[in-house]
Every structure is written in C-alpha cells, then in structure tokens.
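**Q** For reference, this is coords-v4.tsv, and it has TSV, C-alpha atoms.
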chain	number	residue	atom	x	y	z
W	357	PRO	CA	-75.54	162.68	-56.31
W	358	SER	CA	-74.16	162.60	-52.82
W	359	ALA	CA	-74.84	165.34	-50.27
W	360	GLU	CA	-71.30	165.06	-49.00
W	361	SER	CA	-69.10	168.04	-49.44
W	362	PRO	CA	-66.80	167.84	-51.12
W	363	HIS	CA	-68.07	165.18	-53.53
W	364	SER	CA	-64.59	163.72	-53.75
W	365	ASP	CA	-65.13	162.15	-50.32
W	366	LEU	CA	-67.35	159.56	-52.09
W	367	GLN	CA	-65.43	156.88	-53.88
W	368	ALA	CA	-66.96	154.01	-55.92
W	369	GLU	CA	-65.64	151.01	-57.84
W	370	TRP	CA	-67.37	149.11	-60.63
W	371	ALA	CA	-66.52	147.04	-63.66
W	372	THR	CA	-68.16	145.99	-66.88
W	373	ASN	CA	-70.27	142.83	-66.62
W	374	VAL	CA	-70.01	142.91	-62.77
W	375	ASN	CA	-73.35	143.17	-60.96
W	376	THR	CA	-72.07	144.95	-57.84
W	377	VAL	CA	-70.82	148.47	-57.10
W	378	ASP	CA	-68.49	149.12	-54.14
W	379	ALA	CA	-68.65	152.61	-52.52
W	380	HIS	CA	-67.02	154.17	-49.44
W	381	TRP	CA	-66.44	157.62	-47.98
W	382	ALA	CA	-63.13	158.95	-46.98
W	383	ASN	CA	-64.77	161.49	-44.59
W	384	LEU	CA	-68.30	160.94	-43.54
W	385	ASN	CA	-69.88	164.18	-42.36
W	386	GLY	CA	-73.59	163.63	-42.90
W	387	GLY	CA	-75.98	161.66	-40.82
W	388	GLY	CA	-77.66	159.82	-43.70
W	389	VAL	CA	-76.65	158.43	-47.09
W	390	ALA	CA	-78.72	157.76	-50.20
W	391	VAL	CA	-77.23	155.87	-53.16
W	392	GLU	CA	-78.86	155.76	-56.65
W	393	ILE	CA	-77.46	153.49	-59.35
W	394	ARG	CA	-78.69	153.85	-62.94
W	395	ALA	CA	-77.95	151.25	-65.63
W	396	ALA	CA	-77.54	152.28	-69.26
W	397	VAL	CA	-80.48	151.34	-71.49
W	398	PRO	CA	-79.33	149.22	-74.48
W	399	ALA	CA	-80.17	150.44	-78.02
W	400	GLU	CA	-83.19	148.90	-79.62
W	401	PRO	CA	-82.27	146.24	-82.26
W	402	PRO	CA	-83.21	147.05	-85.90
W	403	PRO	CA	-86.48	145.60	-86.99
W	404	PRO	CA	-86.24	142.38	-89.00
W	405	PRO	CA	-86.48	142.72	-92.79
W	406	PRO	CA	-89.94	142.29	-94.18
W	407	PRO	CA	-90.69	138.82	-95.46
W	408	PRO	CA	-90.45	138.34	-99.25
W	409	PRO	CA	-93.69	138.75	-101.06
W	410	PRO	CA	-95.48	135.51	-101.80
W	411	VAL	CA	-94.62	133.84	-105.08
W	412	SER	CA	-97.32	133.89	-107.72
W	413	PRO	CA	-97.54	130.33	-109.08
W	414	THR	CA	-99.40	131.51	-112.16
W	415	LEU	CA	-97.42	134.63	-113.09
W	416	SER	CA	-94.04	132.95	-112.58
W	417	THR	CA	-92.68	131.11	-115.64
W	418	VAL	CA	-90.53	128.11	-116.54
W	419	THR	CA	-89.02	127.93	-120.07
W	420	ALA	CA	-86.50	125.72	-121.90
W	421	ASP	CA	-84.12	126.76	-124.69
W	422	PRO	CA	-83.79	124.91	-126.94
W	423	ALA	CA	-86.95	122.89	-126.60
W	424	SER	CA	-85.36	119.93	-128.41
W	425	ILE	CA	-81.98	118.33	-127.78
W	426	ALA	CA	-80.23	115.20	-129.03
W	427	ALA	CA	-79.70	112.34	-126.62
W	428	GLY	CA	-76.18	112.40	-125.25
W	429	GLY	CA	-75.60	115.77	-126.85
W	430	PRO	CA	-75.98	119.43	-125.87
W	431	THR	CA	-77.96	120.83	-122.94
W	432	ALA	CA	-81.15	122.87	-122.72
W	433	THR	CA	-81.10	125.97	-120.52
W	434	ILE	CA	-84.01	126.05	-118.03
W	435	THR	CA	-84.97	129.62	-117.11
W	436	VAL	CA	-87.26	130.33	-114.13
W	437	ALA	CA	-88.65	133.85	-113.75
W	438	VAL	CA	-90.17	134.33	-110.26
W	439	LYS	CA	-92.86	137.01	-109.83
W	440	ASP	CA	-95.24	138.13	-107.12
W	441	GLU	CA	-98.99	138.61	-107.46
W	442	SER	CA	-98.46	142.07	-108.99
W	443	GLY	CA	-96.10	140.66	-111.64
W	444	ALA	CA	-93.01	142.24	-110.07
W	445	PRO	CA	-89.82	140.12	-110.05
W	446	ILE	CA	-88.77	138.56	-106.78
W	447	SER	CA	-85.02	138.56	-106.14
W	448	GLY	CA	-83.29	136.23	-103.73
W	449	ALA	CA	-85.83	133.43	-104.19
W	450	THR	CA	-84.60	129.84	-103.94
W	451	VAL	CA	-85.48	127.85	-107.05
W	452	VAL	CA	-85.48	124.05	-107.18
W	453	LEU	CA	-85.90	122.17	-110.48
W	454	SER	CA	-87.23	118.68	-111.12
W	455	ALA	CA	-87.77	116.70	-114.34
W	456	THR	CA	-89.62	113.61	-115.49
W	457	GLY	CA	-88.10	110.90	-117.68
W	458	ASP	CA	-85.03	108.68	-117.58
W	459	GLY	CA	-81.38	109.41	-118.20
W	460	ASN	CA	-81.68	113.07	-117.23
W	461	THR	CA	-78.83	115.20	-115.93
W	462	LEU	CA	-80.46	118.18	-114.20
W	463	VAL	CA	-78.19	120.94	-112.94
W	464	GLN	CA	-79.80	123.21	-110.31
W	465	PRO	CA	-79.42	127.01	-110.41
W	466	ALA	CA	-76.11	128.17	-108.97
W	467	GLY	CA	-77.82	130.64	-106.62
W	468	PRO	CA	-81.06	132.47	-105.81
W	469	THR	CA	-82.89	134.61	-108.33
W	470	ASP	CA	-81.14	137.78	-109.44
W	471	ALA	CA	-82.50	141.34	-109.42
W	472	SER	CA	-84.69	140.41	-112.39
W	473	GLY	CA	-86.14	137.47	-110.48
W	474	VAL	CA	-84.41	134.99	-112.80
W	475	ALA	CA	-82.50	131.79	-112.01
W	476	THR	CA	-81.22	129.26	-114.57
W	477	GLY	CA	-80.24	125.59	-114.64
W	478	THR	CA	-79.60	123.04	-117.38
W	479	LEU	CA	-81.00	119.72	-118.57
W	480	SER	CA	-79.41	117.04	-120.72
W	481	SER	CA	-80.42	113.44	-121.26
W	482	SER	CA	-79.01	110.21	-122.59
W	483	VAL	CA	-82.44	108.64	-123.27
W	484	VAL	CA	-84.72	109.49	-126.19
W	485	GLY	CA	-88.13	110.75	-125.07
W	486	SER	CA	-89.82	113.73	-123.50
W	487	ALA	CA	-88.72	115.41	-120.25
W	488	THR	CA	-91.07	117.76	-118.38
W	489	VAL	CA	-89.25	120.28	-116.19
W	490	SER	CA	-91.05	121.88	-113.23
W	491	ALA	CA	-89.84	124.31	-110.57
W	492	THR	CA	-90.58	125.60	-107.07
W	493	ALA	CA	-89.66	129.05	-105.83
W	494	ASN	CA	-89.38	129.50	-102.07
W	495	GLY	CA	-91.33	126.26	-101.78
W	496	THR	CA	-94.19	127.38	-104.04
W	497	ALA	CA	-94.80	125.17	-107.04
W	498	ILE	CA	-94.91	127.16	-110.27
W	499	THR	CA	-97.85	126.23	-112.47
W	500	GLN	CA	-96.06	126.49	-115.79
W	501	THR	CA	-93.72	123.68	-116.85
W	502	ALA	CA	-91.27	123.31	-119.75
W	503	THR	CA	-91.12	120.28	-122.03
W	504	VAL	CA	-87.83	119.24	-123.63
W	505	GLU	CA	-87.93	116.71	-126.45
W	506	VAL	CA	-84.92	114.39	-126.49
W	507	THR	CA	-84.30	113.11	-130.01
W	508	GLU	CA	-82.07	110.47	-131.54
W	509	PRO	CA	-78.51	111.73	-131.85
W	510	PRO	CA	-77.42	112.56	-135.39
W	511	PRO	CA	-75.51	109.80	-137.16
W	512	PRO	CA	-71.75	110.08	-136.96
W	513	PRO	CA	-70.10	111.75	-139.92
W	514	PRO	CA	-68.91	109.37	-142.59
W	515	PRO	CA	-65.26	108.45	-142.42
W	516	PRO	CA	-62.99	110.53	-144.61
W	517	PRO	CA	-62.42	109.08	-148.04
W	518	PRO	CA	-59.21	107.14	-148.40
W	519	PRO	CA	-56.34	109.18	-149.75
W	520	THR	CA	-56.21	109.24	-153.50
W	521	GLU	CA	-53.62	106.81	-154.61
W	522	VAL	CA	-51.25	108.44	-157.00
W	523	VAL	CA	-50.22	105.81	-159.48
W	524	THR	CA	-46.89	106.59	-161.00
W	525	PRO	CA	-46.42	104.74	-164.27
W	526	ASP	CA	-43.40	102.52	-164.43
W	527	PRO	CA	-40.61	103.58	-166.74
W	528	VAL	CA	-40.55	101.86	-170.09
W	529	THR	CA	-38.05	99.06	-170.71
W	530	ILE	CA	-35.31	100.69	-172.72
W	531	ASP	CA	-33.51	97.53	-173.88
W	532	ALA	CA	-36.67	96.21	-175.55
W	533	ILE	CA	-37.31	99.51	-177.32
W	534	MET	CA	-33.69	99.82	-178.42
W	535	ALA	CA	-33.84	96.31	-179.86
W	536	ARG	CA	-36.94	97.24	-181.84
W	537	VAL	CA	-35.81	100.71	-183.05
W	538	LYS	CA	-32.22	99.60	-183.82
W	539	PRO	CA	-30.47	102.98	-183.41
W	540	ASP	CA	-26.84	103.72	-184.20
W	541	PRO	CA	-24.68	101.50	-181.96
W	542	ARG	CA	-23.09	104.60	-180.44
W	543	VAL	CA	-26.40	105.51	-178.74
W	544	GLN	CA	-26.33	104.76	-175.00
W	545	PHE	CA	-29.63	104.86	-173.08
W	546	PRO	CA	-29.37	103.53	-169.51
W	547	GLN	CA	-32.59	102.28	-167.90
W	548	SER	CA	-32.13	104.82	-165.09
W	549	ALA	CA	-32.90	107.61	-167.61
W	550	ALA	CA	-36.02	105.93	-169.04
W	551	PRO	CA	-39.26	107.97	-169.32
W	552	THR	CA	-42.74	106.53	-168.69
W	553	ASP	CA	-44.00	107.31	-172.21
W	554	GLU	CA	-42.89	104.78	-174.84
W	555	ALA	CA	-43.50	107.18	-177.74
W	556	PHE	CA	-41.28	109.75	-176.04
W	557	ALA	CA	-38.57	107.11	-175.48
W	558	VAL	CA	-38.66	106.18	-179.18
W	559	ALA	CA	-38.36	109.85	-180.17
W	560	VAL	CA	-35.39	110.36	-177.82
W	561	ILE	CA	-33.65	107.26	-179.26
W	562	ASN	CA	-34.15	108.53	-182.81
W	563	LEU	CA	-32.86	111.97	-181.80
W	564	ALA	CA	-29.71	110.49	-180.26
W	565	SER	CA	-29.20	108.20	-183.25
W	566	ALA	CA	-29.40	111.09	-185.73
W	567	LEU	CA	-26.80	112.98	-183.66
W	568	ALA	CA	-24.49	109.97	-183.47
W	569	LYS	CA	-24.71	109.37	-187.23
W	570	GLY	CA	-24.40	113.05	-188.09
W	571	ASP	CA	-27.62	112.62	-190.13
W	572	SER	CA	-28.76	116.22	-190.51
W	573	ASP	CA	-31.74	115.27	-192.69
W	574	ALA	CA	-33.13	112.83	-190.11
W	575	LEU	CA	-32.50	115.30	-187.31
W	576	ASN	CA	-34.12	118.15	-189.24
W	577	ARG	CA	-37.41	116.23	-189.41
W	578	MET	CA	-37.48	116.06	-185.59
W	579	LEU	CA	-36.82	119.74	-184.85
W	580	ASP	CA	-39.04	122.74	-184.29
W	581	PRO	CA	-38.53	125.80	-186.55
W	582	GLY	CA	-36.03	127.52	-184.27
W	583	ALA	CA	-33.85	124.44	-183.91
W	584	LYS	CA	-34.04	123.79	-187.67
W	585	GLU	CA	-32.69	127.26	-188.29
W	586	THR	CA	-29.75	126.59	-185.97
W	587	LEU	CA	-29.09	123.23	-187.62
W	588	ASP	CA	-29.16	124.79	-191.10
W	589	GLY	CA	-26.58	127.33	-189.98
W	590	LEU	CA	-24.28	124.60	-188.67
W	591	VAL	CA	-24.66	122.55	-191.86
W	592	ASN	CA	-24.02	125.54	-194.14
W	593	SER	CA	-20.94	126.59	-192.18
W	594	GLY	CA	-19.48	123.08	-192.18
W	595	ASP	CA	-19.49	122.97	-188.37
W	596	TRP	CA	-22.05	120.15	-188.41
W	597	ASP	CA	-19.75	117.73	-190.19
W	598	THR	CA	-16.76	118.85	-188.15
W	599	SER	CA	-18.62	118.30	-184.87
W	600	THR	CA	-20.38	115.05	-185.64
W	601	GLU	CA	-17.39	113.26	-187.16
W	602	ARG	CA	-15.72	113.38	-183.71
W	603	ILE	CA	-18.67	111.79	-181.88
W	604	GLU	CA	-17.82	108.51	-180.19
W	605	ALA	CA	-21.13	108.13	-178.29
W	606	VAL	CA	-24.36	109.94	-177.53
W	607	ARG	CA	-25.59	109.01	-174.05
W	608	VAL	CA	-29.07	109.85	-172.75
W	609	ILE	CA	-28.49	111.26	-169.26
W	610	ARG	CA	-31.98	112.26	-168.13
W	611	THR	CA	-35.55	112.49	-169.40
W	612	GLU	CA	-38.50	114.19	-167.70
W	613	ASP	CA	-42.22	113.69	-168.30
W	614	SER	CA	-42.36	117.42	-169.03
W	615	GLY	CA	-40.38	116.73	-172.22
W	616	ILE	CA	-36.91	117.68	-170.99
W	617	VAL	CA	-34.07	115.56	-172.40
W	618	TYR	CA	-30.37	115.77	-171.63
W	619	VAL	CA	-27.78	113.90	-173.66
W	620	ALA	CA	-24.02	113.86	-173.28
W	621	VAL	CA	-21.95	113.86	-176.47
W	622	GLN	CA	-18.72	111.89	-176.12
W	623	GLU	CA	-15.72	113.03	-178.14
W	624	PRO	CA	-12.16	111.78	-177.79
W	625	GLY	CA	-11.14	112.55	-174.20
W	626	SER	CA	-14.15	114.70	-173.24
W	627	ALA	CA	-17.94	114.91	-173.15
W	628	TYR	CA	-20.34	117.84	-173.11
W	629	LEU	CA	-24.09	118.31	-172.55
W	630	LEU	CA	-26.94	119.14	-174.90
W	631	GLY	CA	-30.40	120.05	-173.60
W	632	TRP	CA	-33.65	119.54	-175.50
W	633	MET	CA	-37.32	120.22	-174.90
W	634	GLY	CA	-39.67	117.79	-176.64
W	635	ARG	CA	-43.37	118.23	-177.28
W	636	PRO	CA	-45.91	115.93	-178.91
W	637	GLU	CA	-46.77	116.65	-182.51
W	638	GLY	CA	-48.83	114.30	-184.63
W	639	ALA	CA	-47.78	110.73	-183.98
W	640	GLY	CA	-44.37	111.70	-182.62
W	641	PHE	CA	-42.39	114.49	-180.97
W	642	VAL	CA	-40.50	117.55	-182.10
W	643	PHE	CA	-37.57	119.02	-180.21
W	644	GLY	CA	-36.19	122.45	-179.53
W	645	GLY	CA	-33.28	123.69	-177.48
W	646	ALA	CA	-33.32	123.79	-173.65
W	647	PRO	CA	-30.75	125.25	-171.20
W	648	SER	CA	-27.76	123.05	-170.43
W	649	ALA	CA	-24.78	123.59	-168.15
W	650	PRO	CA	-21.47	124.32	-169.92
W	651	MET	CA	-19.77	121.40	-168.15
W	652	ILE	CA	-17.06	119.22	-169.61
W	653	LYS	CA	-16.32	115.77	-168.21
W	654	SER	CA	-13.95	113.03	-169.26
W	655	ARG	CA	-16.69	110.50	-169.95
W	656	ALA	CA	-20.36	110.92	-170.85
W	657	SER	CA	-21.34	108.50	-168.08
W	658	GLU	CA	-19.98	110.95	-165.49
W	659	PHE	CA	-23.12	113.05	-166.02
W	660	ASP	CA	-25.33	110.15	-164.86
W	661	GLY	CA	-27.43	110.83	-161.74
W	662	MET	CA	-27.28	114.63	-161.94
W	663	SER	CA	-30.54	116.48	-161.33
W	664	ALA	CA	-32.35	118.42	-164.03
W	665	PHE	CA	-31.38	121.69	-162.37
W	666	GLU	CA	-27.72	120.73	-162.21
W	667	LEU	CA	-27.83	119.75	-165.85
W	668	ALA	CA	-29.57	123.00	-166.79
W	669	GLY	CA	-26.89	125.12	-165.13
W	670	ALA	CA	-27.05	127.79	-162.44
W	671	GLY	CA	-29.89	130.29	-162.89
W	672	ALA	CA	-31.58	128.38	-165.70
W	673	THR	CA	-35.38	128.08	-165.68
W	674	LEU	CA	-36.66	124.73	-166.82
W	675	PRO	CA	-40.05	124.51	-168.56
W	676	THR	CA	-42.55	122.35	-166.66
W	677	THR	CA	-44.73	121.48	-169.64
W	678	PRO	CA	-43.96	121.01	-173.31
W	679	ALA	CA	-44.17	124.16	-175.40
W	680	PRO	CA	-47.37	124.38	-177.49
W	681	ALA	CA	-47.07	123.64	-181.19
W	682	GLU	CA	-47.89	127.18	-182.24
W	683	GLU	CA	-45.13	128.63	-180.06
W	684	PRO	CA	-41.94	126.68	-180.84
W	685	THR	CA	-39.09	126.98	-178.42
W	686	GLU	CA	-36.16	128.95	-179.75
W	687	PRO	CA	-32.88	127.22	-178.83
W	688	ALA	CA	-30.13	129.27	-177.27
W	689	THR	CA	-27.01	129.62	-179.37
W	690	PRO	CA	-24.65	126.99	-177.93
W	691	ALA	CA	-21.32	128.16	-176.60
W	692	ALA	CA	-18.19	126.37	-177.64
W	693	PRO	CA	-16.97	123.86	-175.07
W	694	SER	CA	-13.73	124.33	-173.20
W	695	SER	CA	-10.48	122.89	-174.42
W	696	GLY	CA	-11.42	119.58	-172.86
W	697	GLY	CA	-14.09	119.25	-175.53
W	698	GLY	CA	-11.65	119.71	-178.35
W	699	GLY	CA	-12.67	123.30	-179.07
W	700	ARG	CA	-15.40	122.22	-181.48
W	701	THR	CA	-18.86	123.75	-181.76
W	702	PRO	CA	-21.48	121.46	-180.18
W	703	VAL	CA	-24.17	120.15	-182.47
W	704	VAL	CA	-27.58	121.79	-182.30
W	705	GLY	CA	-29.22	121.80	-178.89
W	706	GLY	CA	-29.24	123.89	-175.72
Please lay out the structure from this file as structure tokens.

**A**
Amino acid sequence: PSAESPHSDLQAEWATNVNTVDAHWANLNGGGVAVEIRAAVPAEPPPPPPPPPPVSPTLSTVTADPASIAAGGPTATITVAVKDESGAPISGATVVLSATGDGNTLVQPAGPTDASGVATGTLSSSVVGSATVSATANGTAITQTATVEVTEPPPPPPPPPPPTEVVTPDPVTIDAIMARVKPDPRVQFPQSAAPTDEAFAVAVINLASALAKGDSDALNRMLDPGAKETLDGLVNSGDWDTSTERIEAVRVIRTEDSGIVYVAVQEPGSAYLLGWMGRPEGAGFVFGGAPSAPMIKSRASEFDGMSAFELAGAGATLPTTPAPAEEPTEPATPAAPSSGGGGRTPVVGG
C-alpha cells in the first residue's frame, strides 16, 4: 500500500492480459515511493485420471453364439468380456475383432466395453468352413478365441404343390338319352338343364313323362312315402285326372347335382312350377316334394335360366344333399295356382 495520505492520491490503470500497470499521483507529498504488484496465482489443474488397469489376456474371454451358422444365412454374435488381473470387468476398453477364413463379414463392436466390461460384434460368412475369431482389448491380445463353423445352407423348400384341379363332369347329352328312353312327346328337356349323372337324367325324364301322361301308377313307383300319400289323395279326390288332362307339356327347367329338380307344367295359356328332391335308391331314384315359387307364366319356357333360389321362392331353404332313404322328404301341400293357371290343383310336387 502507498504511504500517501490520502490513498486516493494514488491512481493506477491495468487491464486483463496486459503486462504493464500505469500509476500516477495527483498530489505527491512524500519523498519516496515504493510500488508492489502481486499477480493472482492460477488454480492447480485436476490430476489426470488414473490409467485403466492392464487387460488380463487369460481372464478375458471371447465367445460365439451360435457356434454354427449356415453359409449366406444368419449371423453369430461375438461377445468379448474384458477383465483385469483380479477378474474385475474393465469398462471403456476398445475391442477389435479379427477372423480367419474366406467370405467373412465381421462387424466390429459399436463402442467400447460397457460397465460389465462387455462389447459385442457379429460374424457371418458366405463360404463353408471354419472361422476362428480373436480379439484385442486396448491393444492386448486375448488368449481365448471363438470358433464358428460355417455349414452348407439348408436346401430351399420344395415348391408348393400345384393347385388341385377340380374336374367338373360334363353334363350328359339329353337328346341321346331322350331317344333311348322314349318319353311322352310332351316332355321337354333342354340341354341347358342337363345334370352330370346319366342315371339321374333318366329318372327325371321318367318323372316328367309320368306327369305328362297322367300315369299315377308309374309316378307312384318313383315317389317317397310322403309324396305317395299326397298322390293317393289327389287320385282319390279326382283332382289328379282333372289336373293332368289339361297338361300340354312338362318342361324340365333346372336340375342340380344335389338332387333338386324343377319342372314347369304347361296348361292352356299358363304354366306353373313343381319342385322335387331326388335321392338315389337301388338302381334308380325316388322323389319327394321340394319348395317351389308360386309363379305363373304364360309359357313353361319362360322359367328357363332362373336360379334354384328364384325357383324355390323367397325364404325357401334348399337341401344341399339328397335326403337319406330312412328319412323321406315330406312334400309341402301345393297351393292352387292363380287364375292364370286355370284354377286347377297342381299335380303332386312342391
């Protein structure tokens, strides 16, 4: 400090990073001046971190999982666990992998060892053989190595089997069968309504012929018990003769492999539907009633091309398979057609 009094007579100027200090006195009263300048002592830097412990080449490990891979296929994970001479894990160690063999793809660890002293990489190969993987940690070669066997890739899966070809039988030729059976000339059976089963086609032709002729005895032999009962009632009441004597044609409209048959009965000026369900019995077929729509058209051919559900009528449930022999189908009691059908009771059927 200055001996001047007051101290404010001493003025000084300095600046950071400037090596000089300027001082002067506004009023100099003393005979001598002493100036002492003290520089601040910088803080001591922190000591450097201790070096990592030396890697133990014998306690550190190198492993592969799985130990066998297919060429060109999946990878093996290479795990390196770095330890010091006491067996403690060393974190932050730099691990470098190497492998013997051809066709290898060796991926180095993404970073240094973690808190457990572990770093991982991967190995894959396109060449069959044996690959030996070794590692260094902080430049120290680890004694243990890992062997990965590269095997032949598995054979490719066989190609899928070709789709099963569904062979749909061709419909039978109706004209040839009609020529052989020789039904009543009023039977009409267009080829478009032909089934695939010839025996079924013959049975349908015989059914239509018996209707056209009004032959109750022939028809009775083709019916199941429920339909026979209905036919007997029509015959006994005289409605059978009244209905069949007006028939001008019986036209087969549709057949289904399930046994469904629809025929249209043509009377003077109108035609109505009858539905049947056929099932095999012995060498032939027997028939029972099936649902049919209460539609009247001018000509029987006007029913051609209608679907089975249209022919069955709204809300009807069609059977998908023929009824078993021990459970005959009971025909529904047919309703009388509208005035377009002449007001007559339809012959037996649905």

**Q** Between W:Glu508, W:Asp540, W:Glu521, W:Asp553, single out the one closest to Glu612 of chain W, counting only C-alpha atoms.

**A**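 Distance minimum relative to Glu612 of chain W lands on W:Asp553.
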
**Q** May I have the residues at most 9 Å from (-97.2, 127.1, -107.9) in the file's coordinates, counting all atoms listed in the file, as a list in words?

**A**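 The answer, in the requested form, is Val411, Ser412, Pro413, Thr414, Ser416, Ala491, Thr492, Ala493, Gly495, Thr496, Ala497, Ile498, Thr499 and Gln500 of chain W.
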
**Q** So that I can see what lies close to segment 449-457 of chain W, please list as a PDB file with C-alpha atoms, keeping the file's coordinate frame the residues with an atom at most 8 Å from it, counting all atoms listed in the file and leaving out residues fewer than 2 positions away in the same chain.

**A**
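The file below, around05.pdb, is the result:
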ATOM      1  CA  VAL W 436     -87.260 130.330-114.130  1.00  0.00           C
ATOM      2  CA  VAL W 438     -90.170 134.330-110.260  1.00  0.00           C
ATOM      3  CA  ILE W 446     -88.770 138.560-106.780  1.00  0.00           C
ATOM      4  CA  SER W 447     -85.020 138.560-106.140  1.00  0.00           C
ATOM      5  CA  GLY W 459     -81.380 109.410-118.200  1.00  0.00           C
ATOM      6  CA  ASN W 460     -81.680 113.070-117.230  1.00  0.00           C
ATOM      7  CA  LEU W 462     -80.460 118.180-114.200  1.00  0.00           C
ATOM      8  CA  GLN W 464     -79.800 123.210-110.310  1.00  0.00           C
ATOM      9  CA  PRO W 465     -79.420 127.010-110.410  1.00  0.00           C
ATOM     10  CA  GLY W 467     -77.820 130.640-106.620  1.00  0.00           C
ATOM     11  CA  PRO W 468     -81.060 132.470-105.810  1.00  0.00           C
ATOM     12  CA  THR W 469     -82.890 134.610-108.330  1.00  0.00           C
ATOM     13  CA  GLY W 473     -86.140 137.470-110.480  1.00  0.00           C
ATOM     14  CA  ALA W 475     -82.500 131.790-112.010  1.00  0.00           C
ATOM     15  CA  GLY W 477     -80.240 125.590-114.640  1.00  0.00           C
ATOM     16  CA  GLY W 485     -88.130 110.750-125.070  1.00  0.00           C
ATOM     17  CA  SER W 486     -89.820 113.730-123.500  1.00  0.00           C
ATOM     18  CA  ALA W 487     -88.720 115.410-120.250  1.00  0.00           C
ATOM     19  CA  THR W 488     -91.070 117.760-118.380  1.00  0.00           C
ATOM     20  CA  VAL W 489     -89.250 120.280-116.190  1.00  0.00           C
ATOM     21  CA  SER W 490     -91.050 121.880-113.230  1.00  0.00           C
ATOM     22  CA  ALA W 491     -89.840 124.310-110.570  1.00  0.00           C
ATOM     23  CA  THR W 492     -90.580 125.600-107.070  1.00  0.00           C
ATOM     24  CA  ALA W 493     -89.660 129.050-105.830  1.00  0.00           C
ATOM     25  CA  ASN W 494     -89.380 129.500-102.070  1.00  0.00           C
ATOM     26  CA  GLY W 495     -91.330 126.260-101.780  1.00  0.00           C
TER      27      GLY W 495
END

**Q** For a test of reading the model, state the distance in Å between atom CA of Pro546 of chain W and atom CA of Asp595 of chain W, rounded to one decimal.

**A**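 Computing it gives 28.8 Å between the two atoms.
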
**Q** Which one is closest to Ser626 of chain W: W:Glu585, W:Asp571, W:Asp421, W:Glu604? Count all atoms listed in the file.

**A** W:Glu604

**Q** Find the residues with any atom within 10 Å of (-35.6, 122.3, -188.2); use only C-alpha atoms and the coordinates as given in the file, and write the answer as a list in words.

**A**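 I get Ser572, Asp573, Ala574, Leu575, Asn576, Arg577, Met578, Leu579, Asp580, Pro581, Gly582, Ala583, Lys584, Glu585, Thr586, Leu587, Asp588, Val642, Phe643, Gly644 and Val704 of chain W for the residues within 10 Å of that point.
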
**Q** One decimal, Å: what's the distance from atom CA of Ser657 of chain W over to atom CA of Thr524 of chain W, could you say?

**A**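 A separation of 26.6 Å between them.
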
**Q** Using only C-alpha atoms, determine which residues lie at most 8 Å from Leu667 of chain W, disregarding the query and same-chain residues fewer than 2 positions distant; provide the list as a PyMOL selection string.

**A** chain W and resi 618+629+648-649+662-665+669

**Q** Measure the distance from atom CA of Ala656 of chain W to atom CA of Ala559 of chain W in Å and round it to one decimal.

**A** 20.3 Å

**Q** If we count all atoms listed in the file and set the cut-off at 10 Å, which residues sit around Pro551 of chain W, ignoring sequence neighbours fewer than 5 positions away in its own chain? Please answer as a list in words.

**A**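 With the cut-off at 10 Å, the set is Pro525, Asp526, Pro527, Val528, Thr529, Ile530, Phe556, Ala557, Val560, Arg610, Thr611, Glu612, Asp613, Ser614, Gly615 and Val617 of chain W.
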